[in-house]
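Comments concern the structure below.
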Amino acid sequence: MSSLKISPQEMPFSLPSFAGFLQIDVQQGAAEKNFSKIQDFLSRLSPPAGAIVALPELWSDGFFYETLHSQAERTDEVLADIAKLAAAYQICLAGSLPEKVKQHGDMYYNTLYFTGPDGVLGSCRKQRLFAPMEEDRYFSCGDSPRPIKTPWGMMAGLVCFDLRFPELAASQVAQGATVLVISAQWPLARKEHWRILIQARAIENQAYVVACNRCGRTGETGFAGHSMIVGPDGTILAEAKGEEVCAGAPLDGAHLTRVRTRFHTAGKTPYLFSDQDKICDPATLQEKISCYKNTGRKMVFTNGCFDILHEGHVTYLEAARKEGDYLVVGLNSDASIRAIKGPDRPVNHEMSRARLLASLGCVDHVVLFGEETPQRLITTLMPDVLVKGADWPVGKIVGAKEVLANGGEVKTIELVGDFSTTGLLKKIRSK
């Protein structure tokens with residue numbers, strides 16, 4: 001492939017002038033000591049105005065779950081102190097801290113905050129929780145990763161384990177990010193994975209990567225350090241070893257332009273799938289489920305008529321999908337709906353209803369069943385999580401007894417008010 005010349009009118013990408021990292025040994029529950037280290041190493045680095053400087057994951061208190069509630073209560077105060085440091089140097093500082101959200105009780109997120117001289121510019125929550133460090137017991141998963149708009153350009157964010165999932169970086173770069181910031185506590189045992197994956201994310205996205213990892217040790221776990229700054233062509237611009245250190249490197253927007261002008265892999269996002277393929281007969285679906293089990297994927301199952309698809313349905317299905325790794329929707333056949341609701345229903349043919357469900361991004365598979373209840377289908381598929389609307393008591397949910405006996409879960413989801421197929425039909429007929 002021949003190289004394309006950059007036109008004289010083409011401007012370099014907007015980027016921070018400089019990238020740095022503050023690699024420290026995060027002490028559990030020692031917020032004042034850790035903050036003092038950040039101040040000290042930032043002074044040593046003395047970054048120029050317009051820089052992005054990355055900090056380790058949960059840099060203030062570490063993975064100290066005993067005081068998670070009080071840590072999260074102090075996060076705004078910590079961010080205000082970080083904003084003062086950012087203002088002193090006229091830079092952006094990025095590192096993760098615990099975030100508390102009041103939603104059906106207190107929920108906690110491991111959140112990467114981008115903080116500038118005037119305060120928080122944006123944040124992104126950790127998408128993939130690392131069970132060996134018990135994150136899934138204390139934190140909730142983030143969703144909808146989006147790049148952060150800053151005065152120095154669009155920046156993407158990942159937190160530690162997120163690094164292993166290339167789509168999380170690619171989706172943000174496709175939305176305009178040119179710099180990927182990673183805040184981590186990556187273990188020494190997998191140091192080479194850390195180094196390889198950082199370079200891979202830079203190369204495949206043609207983006208600068210600024211990755212700050214913790215060093216040191218907590219109990220029997222050593223942390224790798226080896227914070228890195230990598231160019232969009234995979235060149236390592238700066239790399240630490242295993243000790244506490246600060247380092248950095250200048251970033252070059254013109255270089256990024258040259259790299260992306262020849263070809264830009266992250267910009268190409270064709271739709272590669274036929275949604276109709278999501279519609280399966282029970283035998284085919286069982287084969288797929290068998291493969292999914294081998295990879296450890298957690299199946300969520302729900303069912304319904306979905307005669308006239310509306311906002312309430314979609315909101316419910318999105319929530320159901322978040323309970324596991326893939327969502328199977330059991331769909332009543334035309335005959336079963338007539339038996340339940342009478343000869344005037346359904347309004348839409350079963351394959352039309354199936355096709356619309358299959359077009360939803362939150363739905364992975366649709367399977368028709370002909371009985372009035374999905375009892376036989378549920379006991380055949382045996383989902384890990386069975387979901388119904390909150391208007392159903394668990395004791396009356398078809399299949400709940402069998403799923404629970406098999407070690408699965410049964411969950412109910414609040415429905416969106418003022419939405420129902422029956423209500424829509426009445427409204428249509430009245431007009």
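Residue numbers start at 1 in each chain; chains themselves are named A, B, ... in the order of the structure tokens; ligands are numbered from 1 in the order shown.
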Point to revise | Neighbour list for Asp143 in chain A as a VMD selection string, cut-off 10 Å, only C-alpha atoms, skip fewer than 4 positions in-chain | key: chain A and resid 124 to 128 168 322
Would you output that residue set with C-alpha atoms, as a PDB file, in the first residue's frame?
ATOM      1  CA  CYS A 124     -15.121   6.514  32.956  1.00  0.00           C
ATOM      2  CA  ARG A 125     -15.980   3.572  35.185  1.00  0.00           C
ATOM      3  CA  LYS A 126     -14.090   0.304  35.161  1.00  0.00           C
ATOM      4  CA  GLN A 127     -15.907  -2.017  32.771  1.00  0.00           C
ATOM      5  CA  ARG A 128     -14.460  -5.404  33.713  1.00  0.00           C
ATOM      6  CA  LEU A 168     -13.246  -1.140  25.134  1.00  0.00           C
ATOM      7  CA  LYS A 322     -26.667  -6.577  32.198  1.00  0.00           C
TER       8      LYS A 322
END
Point to revise | Contacts of range 373-383 of chain A within 7 Å, only C-alpha atoms, excl. fewer than 3 positions in-chain, as number ranges by chain | key: A: 286, 299-301, 369, 386, 398-399, 402-403
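In this structure, CA of Thr421 in chain A sits 25.0 Å away from CA of Ala400 in chain A.
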Exercise for review: Write out as a PyMOL selection string all residues of range 251-382 of chain A that backbone DSSP assigns to helix (DSSP H, G or I).
Suggested key: chain A and resi 253-262+275-278+282-294+311-321+334-341+350-358+375-381
Skipping near chain neighbours, those fewer than 4 positions away, what residues fall within 7 Å of Phe41 in chain A using only C-alpha atoms, listed as a compact mmCIF listing (two decimals) with N, CA and C atoms, in the first residue's frame?
# COMPACT_ATOMS: atom_id res chain seq x y z
N LEU A 22 3.12 8.78 37.25
CA LEU A 22 3.67 8.80 38.61
C LEU A 22 3.50 7.40 39.18
N LYS A 37 3.05 11.40 48.24
CA LYS A 37 3.91 10.85 47.18
C LYS A 37 3.54 11.45 45.82
N LEU A 45 8.68 15.44 38.40
CA LEU A 45 8.42 15.36 36.96
C LEU A 45 8.35 16.75 36.34
N CYS A 246 8.93 8.63 38.45
CA CYS A 246 8.11 9.41 37.53
C CYS A 246 8.88 9.55 36.23
Exercise for review: Tell me which protein, DNA and RNA residues are within 12 Å of Arg201 in chain A, counting only C-alpha atoms, leaving out same-chain ones fewer than 6 positions away, and put them as number ranges by chain.
Suggested key: A: 156-158, 162-173, 178-182, 193-195, 207-211, 229-235, 265-266
Check your understanding: Which residue, A:Val367, A:Ile397, A:Ile308, A:Ile236, has the smallest gap to Val329 in chain A when you use only C-alpha atoms?
Key -> A:Val367
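Neighbours of Pro117 in chain A closer than or equal to 6 Å, with only C-alpha atoms counted and sequence neighbours fewer than 4 positions away skipped, come out as A:Ala83, A:Ala86, A:Ala87, A:Gln90.
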Those same residues, written as a tab-separated table (two decimals), in the first residue's frame with N, CA and C atoms?
chain	number	residue	atom	x	y	z
A	83	ALA	N	-7.40	18.78	41.65
A	83	ALA	CA	-7.63	19.93	40.77
A	83	ALA	C	-6.66	21.07	41.10
A	86	ALA	N	-3.48	20.15	39.49
A	86	ALA	CA	-3.60	20.35	38.04
A	86	ALA	C	-3.52	21.83	37.69
A	87	ALA	N	-4.12	22.67	38.53
A	87	ALA	CA	-4.08	24.11	38.28
A	87	ALA	C	-2.66	24.67	38.45
A	90	GLN	N	-1.09	23.49	35.32
A	90	GLN	CA	-1.89	23.66	34.11
A	90	GLN	C	-1.86	22.38	33.26
**Study point:** Atomic distance CA of Leu285 in chain A - CA of Val328 in chain A, expressed in Å with one decimal
**Key:** 9.2 Å
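Between CA of Ile198 in chain A and CA of Arg214 in chain A the separation is 15.0 Å.
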Review point. With only C-alpha atoms as the basis for distance, which of A:Arg262, A:Lys298, A:His310, A:Lys388 is at the shortest distance from Leu327 in chain A?
Key: A:Lys298
Practice item. Please provide the set of residues having any atom within 7 Å of Trp59 in chain A, restricted to only C-alpha atoms, with same-chain residues fewer than 5 positions apart removed, written as a PyMOL selection string. Key: chain A and resi 26+34+95-97
Dump as a short mmCIF file (atom, residue, chain, number, x, y, z; two decimals), in the first residue's frame, selection limited to N, CA and C atoms:
data_model
loop_
_atom_site.label_atom_id
_atom_site.label_comp_id
_atom_site.auth_asym_id
_atom_site.auth_seq_id
_atom_site.Cartn_x
_atom_site.Cartn_y
_atom_site.Cartn_z
N VAL A 26 1.33 2.09 46.15
CA VAL A 26 0.11 2.54 46.83
C VAL A 26 -0.04 1.78 48.15
N ASN A 34 -0.09 8.53 50.51
CA ASN A 34 -0.14 8.35 49.06
C ASN A 34 -0.25 9.69 48.34
N GLY A 95 -6.44 9.38 37.27
CA GLY A 95 -6.24 8.18 38.07
C GLY A 95 -7.57 7.74 38.65
N SER A 96 -7.68 6.48 39.06
CA SER A 96 -8.98 5.99 39.52
C SER A 96 -9.16 6.13 41.03
N LEU A 97 -10.43 6.35 41.41
CA LEU A 97 -10.85 6.49 42.79
C LEU A 97 -12.22 5.83 42.95
#
